[in-house]
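So this block is coords_15.tsv, TSV, C-alpha atoms:
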```tsv
chain	number	residue	atom	x	y	z
A	1	MET	CA	0.00	0.00	0.00
A	2	ARG	CA	1.35	3.42	-0.95
A	3	LEU	CA	1.79	5.62	2.11
A	4	LEU	CA	2.15	9.00	0.41
A	5	GLY	CA	0.37	10.62	-2.52
A	6	VAL	CA	-1.17	13.85	-3.75
A	7	LEU	CA	-3.79	14.20	-1.01
A	8	GLN	CA	-1.26	13.26	1.67
A	9	ARG	CA	1.11	15.91	0.31
A	10	ILE	CA	-1.66	18.51	0.39
A	11	ALA	CA	-2.34	17.54	4.02
A	12	LEU	CA	1.31	17.92	5.04
A	13	VAL	CA	1.70	21.23	3.20
A	14	TYR	CA	-1.56	22.59	4.65
A	15	LEU	CA	-0.42	21.62	8.15
A	16	ALA	CA	2.95	23.33	7.73
A	17	CYS	CA	1.53	26.46	6.12
A	18	SER	CA	-1.28	26.82	8.66
A	19	LEU	CA	1.25	26.77	11.52
A	20	LEU	CA	3.53	29.20	9.69
A	21	PHE	CA	0.58	31.51	9.03
A	22	LEU	CA	-0.18	31.61	12.75
A	23	LYS	CA	3.40	31.91	14.01
A	24	THR	CA	5.33	33.93	11.39
A	25	SER	CA	5.10	37.21	9.50
A	26	PRO	CA	5.00	37.49	5.68
A	27	ARG	CA	8.63	38.63	5.72
A	28	GLN	CA	9.65	35.56	7.73
A	29	GLN	CA	7.63	33.37	5.37
A	30	LEU	CA	9.53	34.84	2.42
A	31	TYR	CA	12.87	34.09	4.11
A	32	LEU	CA	11.71	30.56	4.90
A	33	LEU	CA	10.62	30.07	1.28
A	34	ALA	CA	14.09	31.03	0.08
A	35	GLY	CA	15.70	28.77	2.68
A	36	LEU	CA	13.60	25.76	1.68
A	37	LEU	CA	14.30	26.16	-2.03
A	38	VAL	CA	18.04	26.77	-1.62
A	39	GLY	CA	18.37	24.06	1.01
A	40	TYR	CA	16.62	21.47	-1.18
A	41	TRP	CA	18.87	22.42	-4.11
A	42	VAL	CA	21.97	21.93	-1.94
A	43	LEU	CA	20.74	18.57	-0.64
A	44	MET	CA	19.91	17.25	-4.09
A	45	SER	CA	22.88	18.69	-5.98
A	46	PHE	CA	25.82	18.55	-3.58
A	47	VAL	CA	25.27	16.03	-0.76
A	48	PRO	CA	26.59	12.53	-1.64
A	49	VAL	CA	23.90	9.86	-1.71
A	50	PRO	CA	24.60	6.96	0.71
A	51	GLY	CA	25.46	3.81	-1.20
A	52	VAL	CA	26.00	5.78	-4.41
A	53	GLY	CA	28.81	8.09	-3.40
A	54	TYR	CA	27.91	11.21	-5.33
A	55	ALA	CA	25.03	13.65	-5.65
A	56	ASN	CA	22.82	13.16	-8.70
A	57	LEU	CA	19.31	13.66	-10.08
A	58	GLU	CA	18.82	10.22	-11.65
A	59	PRO	CA	15.40	8.65	-10.90
A	60	GLU	CA	16.64	5.71	-8.85
A	61	THR	CA	19.80	7.07	-7.22
A	62	ASN	CA	19.06	10.65	-6.14
A	63	MET	CA	18.86	11.67	-2.47
A	64	ALA	CA	15.05	11.84	-2.40
A	65	ALA	CA	14.74	8.33	-3.87
A	66	TRP	CA	17.25	6.97	-1.33
A	67	LEU	CA	15.27	8.51	1.53
A	68	ASP	CA	11.98	7.06	0.25
A	69	ARG	CA	13.49	3.57	-0.07
A	70	THR	CA	15.10	3.80	3.36
A	71	ILE	CA	12.13	5.11	5.36
A	72	LEU	CA	9.04	4.14	3.36
A	73	THR	CA	10.62	0.99	1.82
A	74	PRO	CA	9.97	-0.02	-1.84
A	75	ALA	CA	6.75	-1.78	-0.84
A	76	HIS	CA	5.12	1.52	0.14
A	77	VAL	CA	6.13	3.94	-2.63
A	78	TYR	CA	4.50	4.84	-5.95
A	79	LYS	CA	4.01	1.46	-7.65
A	80	PRO	CA	5.00	2.41	-11.25
A	81	ALA	CA	8.23	3.99	-9.99
A	82	LYS	CA	8.98	1.11	-7.56
A	83	VAL	CA	11.99	2.73	-5.84
A	84	TRP	CA	10.93	6.36	-5.38
A	85	ASP	CA	7.79	8.42	-4.86
A	86	PRO	CA	6.90	11.64	-6.75
A	87	GLU	CA	5.18	12.83	-3.54
A	88	GLY	CA	7.94	11.49	-1.31
A	89	LEU	CA	9.39	12.71	1.96
A	90	LEU	CA	12.26	15.00	0.95
A	91	SER	CA	10.40	16.73	-1.87
A	92	THR	CA	7.73	17.73	0.65
A	93	LEU	CA	10.13	20.53	1.68
A	94	PRO	CA	9.96	22.44	-1.63
A	95	ALA	CA	6.25	21.59	-1.80
A	96	ILE	CA	5.86	23.61	1.40
A	97	GLY	CA	7.56	26.36	-0.60
A	98	THR	CA	4.76	26.09	-3.15
A	99	GLY	CA	2.27	26.44	-0.32
A	100	LEU	CA	4.11	29.49	1.00
A	101	LEU	CA	3.84	31.17	-2.40
A	102	GLY	CA	0.08	30.69	-2.22
A	103	LEU	CA	0.04	31.90	1.39
A	104	LEU	CA	1.87	35.10	0.43
A	105	ALA	CA	-0.45	35.67	-2.52
A	106	GLY	CA	-3.50	35.13	-0.31
A	107	THR	CA	-2.16	37.52	2.33
A	108	LEU	CA	-1.72	40.18	-0.34
A	109	LEU	CA	-5.26	39.72	-1.67
A	110	ARG	CA	-6.74	39.95	1.84
A	111	SER	CA	-4.82	43.12	2.65
A	112	GLN	CA	-6.26	46.63	2.56
A	113	ARG	CA	-4.11	47.70	-0.37
A	114	PRO	CA	-5.91	49.20	-3.40
A	115	SER	CA	-6.98	46.64	-6.01
A	116	ALA	CA	-4.67	48.10	-8.65
A	117	GLU	CA	-1.72	47.72	-6.29
A	118	LYS	CA	-2.64	44.08	-5.56
A	119	VAL	CA	-2.75	43.30	-9.28
A	120	ALA	CA	0.56	45.05	-9.86
A	121	TRP	CA	2.32	43.18	-7.05
A	122	LEU	CA	0.87	39.80	-8.08
A	123	PHE	CA	1.96	40.40	-11.66
A	124	THR	CA	5.44	41.51	-10.54
A	125	TRP	CA	5.91	38.52	-8.24
A	126	GLY	CA	4.63	36.19	-10.95
A	127	CYS	CA	7.09	37.54	-13.52
A	128	LEU	CA	10.04	37.40	-11.10
A	129	ALA	CA	9.22	33.85	-9.96
A	130	THR	CA	8.76	32.61	-13.53
A	131	LEU	CA	12.01	34.20	-14.63
A	132	GLY	CA	13.79	32.83	-11.57
A	133	GLY	CA	12.56	29.31	-12.32
A	134	LEU	CA	13.75	29.52	-15.92
A	135	ILE	CA	17.18	30.76	-14.85
A	136	TRP	CA	17.50	28.14	-12.09
A	137	ASN	CA	16.57	25.50	-14.65
A	138	GLY	CA	20.08	25.92	-16.09
A	139	PHE	CA	21.66	24.14	-13.11
A	140	PHE	CA	18.68	22.60	-11.22
A	141	PRO	CA	16.31	21.35	-13.94
A	142	ILE	CA	12.57	21.98	-13.84
A	143	ASN	CA	11.18	18.61	-12.77
A	144	LYS	CA	7.75	18.00	-11.28
A	145	ALA	CA	8.50	14.45	-10.09
A	146	LEU	CA	11.40	15.76	-7.98
A	147	TRP	CA	9.52	19.01	-7.20
A	148	THR	CA	12.74	20.90	-7.87
A	149	SER	CA	13.18	24.47	-6.68
A	150	SER	CA	13.08	25.71	-10.28
A	151	PHE	CA	9.75	23.91	-10.74
A	152	VAL	CA	8.37	25.60	-7.61
A	153	LEU	CA	9.26	29.04	-8.95
A	154	LEU	CA	8.04	28.39	-12.49
A	155	ALA	CA	4.73	26.78	-11.48
A	156	GLY	CA	4.15	29.32	-8.72
A	157	GLY	CA	5.02	32.23	-11.00
A	158	LEU	CA	2.65	31.11	-13.73
A	159	ALA	CA	-0.07	30.54	-11.12
A	160	MET	CA	0.42	34.07	-9.80
A	161	LEU	CA	0.16	35.50	-13.30
A	162	GLY	CA	-3.06	33.58	-13.87
A	163	LEU	CA	-4.39	34.72	-10.50
A	164	ALA	CA	-3.49	38.34	-11.23
A	165	LEU	CA	-5.30	38.21	-14.56
A	166	SER	CA	-8.37	36.51	-13.06
A	167	TYR	CA	-8.52	38.90	-10.11
A	168	TRP	CA	-8.27	41.92	-12.39
A	169	LEU	CA	-10.90	40.67	-14.87
A	170	ILE	CA	-13.42	39.20	-12.43
A	171	ASP	CA	-13.06	41.07	-9.14
A	172	VAL	CA	-11.85	44.47	-10.35
A	173	MET	CA	-13.40	44.85	-13.81
A	174	ARG	CA	-16.48	42.76	-12.85
A	175	TYR	CA	-16.30	40.68	-16.02
A	176	ARG	CA	-18.41	37.63	-15.15
A	177	LYS	CA	-19.38	36.13	-18.52
A	178	GLY	CA	-18.26	32.53	-19.01
A	179	VAL	CA	-16.77	32.10	-15.54
A	180	LEU	CA	-19.38	29.64	-14.19
A	181	PRO	CA	-17.52	26.47	-15.30
A	182	PHE	CA	-14.34	27.67	-13.57
A	183	VAL	CA	-16.25	28.64	-10.41
A	184	ALA	CA	-18.08	25.29	-10.33
A	185	PHE	CA	-14.82	23.38	-10.63
A	186	GLY	CA	-12.93	25.73	-8.31
A	187	VAL	CA	-15.23	25.63	-5.28
A	188	ASN	CA	-15.19	21.80	-5.28
A	189	ALA	CA	-11.67	21.25	-6.58
A	190	ILE	CA	-10.68	18.61	-4.01
A	191	THR	CA	-13.95	16.75	-4.56
A	192	VAL	CA	-13.53	16.47	-8.32
A	193	PHE	CA	-9.83	15.60	-7.99
A	194	PHE	CA	-10.53	12.77	-5.58
A	195	LEU	CA	-13.61	11.31	-7.25
A	196	SER	CA	-12.35	11.70	-10.83
A	197	GLY	CA	-9.49	9.41	-9.86
A	198	LEU	CA	-11.52	7.01	-7.74
A	199	ILE	CA	-14.55	6.44	-10.01
A	200	PRO	CA	-12.57	5.27	-13.10
A	201	ARG	CA	-10.73	2.78	-10.88
A	202	ILE	CA	-14.03	1.45	-9.57
A	203	MET	CA	-15.43	1.27	-13.13
A	204	ASN	CA	-12.47	-0.81	-14.26
A	205	LEU	CA	-13.16	-3.31	-11.49
A	206	ILE	CA	-16.45	-4.05	-13.32
A	207	HIS	CA	-15.62	-6.38	-16.22
A	208	VAL	CA	-17.70	-6.49	-19.38
A	209	THR	CA	-17.46	-9.40	-21.80
A	210	ARG	CA	-17.20	-8.39	-25.46
A	211	PRO	CA	-18.72	-10.37	-28.35
A	212	ASP	CA	-15.31	-11.94	-29.08
A	213	GLY	CA	-15.12	-13.28	-25.54
A	214	THR	CA	-12.48	-10.84	-24.23
A	215	GLU	CA	-13.11	-8.88	-21.06
A	216	LEU	CA	-12.62	-5.15	-20.53
A	217	GLY	CA	-13.06	-2.86	-17.58
A	218	LEU	CA	-16.25	-0.80	-17.83
A	219	LYS	CA	-14.38	2.47	-18.42
A	220	GLU	CA	-12.30	1.01	-21.26
A	221	TYR	CA	-15.39	-0.74	-22.67
A	222	LEU	CA	-17.35	2.52	-22.85
A	223	TYR	CA	-14.41	4.33	-24.44
A	224	ARG	CA	-13.82	1.67	-27.10
A	225	GLY	CA	-17.51	1.15	-27.79
A	226	PHE	CA	-18.89	4.69	-27.82
A	227	ILE	CA	-16.03	7.14	-28.44
A	228	ALA	CA	-13.09	5.55	-30.28
A	229	PRO	CA	-15.15	4.23	-33.27
A	230	HIS	CA	-16.06	7.81	-34.24
A	231	PHE	CA	-12.42	8.88	-34.73
A	232	SER	CA	-9.75	7.56	-37.07
A	233	ASP	CA	-6.95	9.25	-35.11
A	234	PRO	CA	-6.42	7.77	-31.62
A	235	ILE	CA	-5.12	11.14	-30.39
A	236	ASN	CA	-8.41	12.84	-31.31
A	237	ALA	CA	-10.34	9.94	-29.80
A	238	SER	CA	-8.40	10.32	-26.56
A	239	LEU	CA	-9.07	14.07	-26.55
A	240	ALA	CA	-12.78	13.47	-27.11
A	241	GLY	CA	-12.83	10.98	-24.25
A	242	ALA	CA	-11.13	13.46	-21.93
A	243	LEU	CA	-13.49	16.28	-22.91
A	244	THR	CA	-16.48	14.01	-22.38
A	245	PHE	CA	-15.22	13.19	-18.90
A	246	VAL	CA	-14.74	16.89	-18.12
A	247	MET	CA	-18.27	17.75	-19.35
A	248	ILE	CA	-19.83	14.98	-17.26
A	249	TRP	CA	-18.08	16.36	-14.20
A	250	PHE	CA	-19.12	19.90	-15.08
A	251	GLY	CA	-22.75	18.76	-15.02
A	252	ILE	CA	-22.28	17.22	-11.57
A	253	LEU	CA	-20.35	20.19	-10.20
A	254	TRP	CA	-22.79	22.72	-11.67
A	255	TRP	CA	-25.63	20.93	-9.88
A	256	MET	CA	-23.61	20.92	-6.63
A	257	TYR	CA	-22.86	24.63	-7.05
A	258	ARG	CA	-26.51	25.49	-7.67
A	259	LYS	CA	-27.49	23.51	-4.55
A	260	ASN	CA	-24.66	25.15	-2.57
A	261	VAL	CA	-23.06	21.78	-1.88
A	262	ILE	CA	-19.40	22.64	-1.28
A	263	ILE	CA	-16.97	20.15	0.25
A	264	LYS	CA	-13.98	21.91	1.83
A	265	VAL	CA	-10.76	20.74	3.40
```

Show me this structure written as structure tokens.
Amino acid sequence: MRLLGVLQRIALVYLACSLLFLKTSPRQQLYLLAGLLVGYWVLMSFVPVPGVGYANLEPETNMAAWLDRTILTPAHVYKPAKVWDPEGLLSTLPAIGTGLLGLLAGTLLRSQRPSAEKVAWLFTWGCLATLGGLIWNGFFPINKALWTSSFVLLAGGLAMLGLALSYWLIDVMRYRKGVLPFVAFGVNAITVFFLSGLIPRIMNLIHVTRPDGTELGLKEYLYRGFIAPHFSDPINASLAGALTFVMIWFGILWWMYRKNVIIKV
């Protein structure tokens, strides 16, 4: 059984950021963010890996993978990877940095500063973080599986730019046309993330026998029987399947939004 994962990482990051929000100032949070990102870079790039003898970023021999194998053991990490976990122990440190970026952005939005100033600062921070991630990529590559410091800055910077644009359009300029799908997904983001992963797994536990005698999971059966035959290109068929899945969830989430059913963490 895998011990860590996306929801577990969110839990750990939320716990750390909630305590930091209560006990530290935004300036201290900024210093801690820098310390986490630089410290993780040093650990991954310069500290020799036990049993390997040198620092490296290879999937099976880097410091984070060694720590996952040592503490979690191979039986309890991400099954496809076998010897490391993309939401492992060490990479939780820079993930807290991602949470701190969101915490700082949220603190800015809740402040009494004028709206124009909030947009300007969000846009400035977003540009600086994105640029910093691209520069850091030259010697600490952008890598989501390792949650590298350059990835934190790039992903966080792009998120801030998107947030700045959305805040300016929707909250400042009051442009509300076409935002309902994003609101419906946004207010129940954890719900749709969890169930959109769980339901397909449950569907594939239900086996359907085809006319030729072969068995398929229900999800694969529906895809092959009702979507794939309408497309000659498997890429387009896959896209159609994904869009169909998104639209089904939009219908569910729209109903939940209209009924004010919001599941929060």

I'd like the neighbourhood of Cys17 (chain A) as an mmCIF file with C-alpha atoms, in the frame of the given file, where a residue qualifies if any of its atoms comes within 8 Å (using only C-alpha atoms), though same-chain residues fewer than 2 positions away should be ignored.
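Listing of out-v2.cif after writing:
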```cif
data_model
loop_
_atom_site.group_PDB
_atom_site.id
_atom_site.type_symbol
_atom_site.label_atom_id
_atom_site.label_comp_id
_atom_site.auth_asym_id
_atom_site.auth_seq_id
_atom_site.Cartn_x
_atom_site.Cartn_y
_atom_site.Cartn_z
ATOM 1 C CA VAL A 13 1.700 21.230 3.200
ATOM 2 C CA TYR A 14 -1.560 22.590 4.650
ATOM 3 C CA LEU A 15 -0.420 21.620 8.150
ATOM 4 C CA LEU A 19 1.250 26.770 11.520
ATOM 5 C CA LEU A 20 3.530 29.200 9.690
ATOM 6 C CA PHE A 21 0.580 31.510 9.030
ATOM 7 C CA ILE A 96 5.860 23.610 1.400
ATOM 8 C CA GLY A 99 2.270 26.440 -0.320
ATOM 9 C CA LEU A 100 4.110 29.490 1.000
ATOM 10 C CA LEU A 103 0.040 31.900 1.390
#
```

Practice problem: Up to 12 Å from (21.2, 20.3, -6.0) in the file's coordinates: name the residues, counting only C-alpha atoms, as a ChimeraX atom specification. | Solution: /A:37-49,54-58,62-64,136-142,146-150

How would the residues just chosen look if you wrote them out with C-alpha atoms as a compact mmCIF listing (two decimals), keeping the file's coordinate frame?
```
# COMPACT_ATOMS: atom_id res chain seq x y z
CA LEU A 37 14.30 26.16 -2.03
CA VAL A 38 18.04 26.77 -1.62
CA GLY A 39 18.37 24.06 1.01
CA TYR A 40 16.62 21.47 -1.18
CA TRP A 41 18.87 22.42 -4.11
CA VAL A 42 21.97 21.93 -1.94
CA LEU A 43 20.74 18.57 -0.64
CA MET A 44 19.91 17.25 -4.09
CA SER A 45 22.88 18.69 -5.98
CA PHE A 46 25.82 18.55 -3.58
CA VAL A 47 25.27 16.03 -0.76
CA PRO A 48 26.59 12.53 -1.64
CA VAL A 49 23.90 9.86 -1.71
CA TYR A 54 27.91 11.21 -5.33
CA ALA A 55 25.03 13.65 -5.65
CA ASN A 56 22.82 13.16 -8.70
CA LEU A 57 19.31 13.66 -10.08
CA GLU A 58 18.82 10.22 -11.65
CA ASN A 62 19.06 10.65 -6.14
CA MET A 63 18.86 11.67 -2.47
CA ALA A 64 15.05 11.84 -2.40
CA TRP A 136 17.50 28.14 -12.09
CA ASN A 137 16.57 25.50 -14.65
CA GLY A 138 20.08 25.92 -16.09
CA PHE A 139 21.66 24.14 -13.11
CA PHE A 140 18.68 22.60 -11.22
CA PRO A 141 16.31 21.35 -13.94
CA ILE A 142 12.57 21.98 -13.84
CA LEU A 146 11.40 15.76 -7.98
CA TRP A 147 9.52 19.01 -7.20
CA THR A 148 12.74 20.90 -7.87
CA SER A 149 13.18 24.47 -6.68
CA SER A 150 13.08 25.71 -10.28
```

Quiz prompt | Surrounding residues of Leu169 (chain A) excluding itself and chain neighbours under 6 positions, 12 Å, only C-alpha atoms, as number ranges by chain | solution = A: 115-116, 119, 162-163, 175-179

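For the set A:Gly126, A:His207, A:Trp254, A:Gly88, the residue with the smallest atom-to-atom gap to Gly186 (chain A) is A:Trp254, counting all atoms listed in the file.
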
Quiz item: Out of A:Ile170, A:Ile206, A:Ala184, A:Leu222, which residue has the shortest atom-to-atom distance to Lys259 (chain A) when counting all atoms listed in the file?
Solution: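 Smallest distance to Lys259 (chain A) is found for A:Ala184.
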
Exercise. Would you list the contacts of Ala120 (chain A) as an MDAnalysis selection string, taking every protein, DNA or RNA residue within 12 Å and counting all atoms listed in the file, but skipping same-chain residues closer than 2 positions in sequence?
Key: chainID A and resid 105 108:109 113:118 122:127 160:161 163:165 167:168

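CA of Ala237 (chain A) lies 21.2 Å from CA of Gly251 (chain A).
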
Quiz item: With all atoms listed in the file as the basis for distance, which of A:Tyr221, A:Phe185, A:Tyr31, A:Trp66 is at the shortest distance from Ile248 (chain A)?
Solution: A:Phe185

Do a neighbour search on Lys264 (chain A) at 10 Å with all atoms listed in the file, toss out local chain neighbours closer than 4 positions, and write the hits as a PDB file with C-alpha atoms, in the frame of the given file.
```pdb
ATOM      1  CA  VAL A 187     -15.230  25.630  -5.280  1.00  0.00           C
ATOM      2  CA  ASN A 188     -15.190  21.800  -5.280  1.00  0.00           C
ATOM      3  CA  ALA A 189     -11.670  21.250  -6.580  1.00  0.00           C
ATOM      4  CA  ILE A 190     -10.680  18.610  -4.010  1.00  0.00           C
ATOM      5  CA  THR A 191     -13.950  16.750  -4.560  1.00  0.00           C
TER       6      THR A 191
END
```

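Counting all atoms listed in the file, the residue from A:Leu239, A:Ile252, A:Leu89, A:Val152 that sits nearest to Leu195 (chain A) is A:Ile252.
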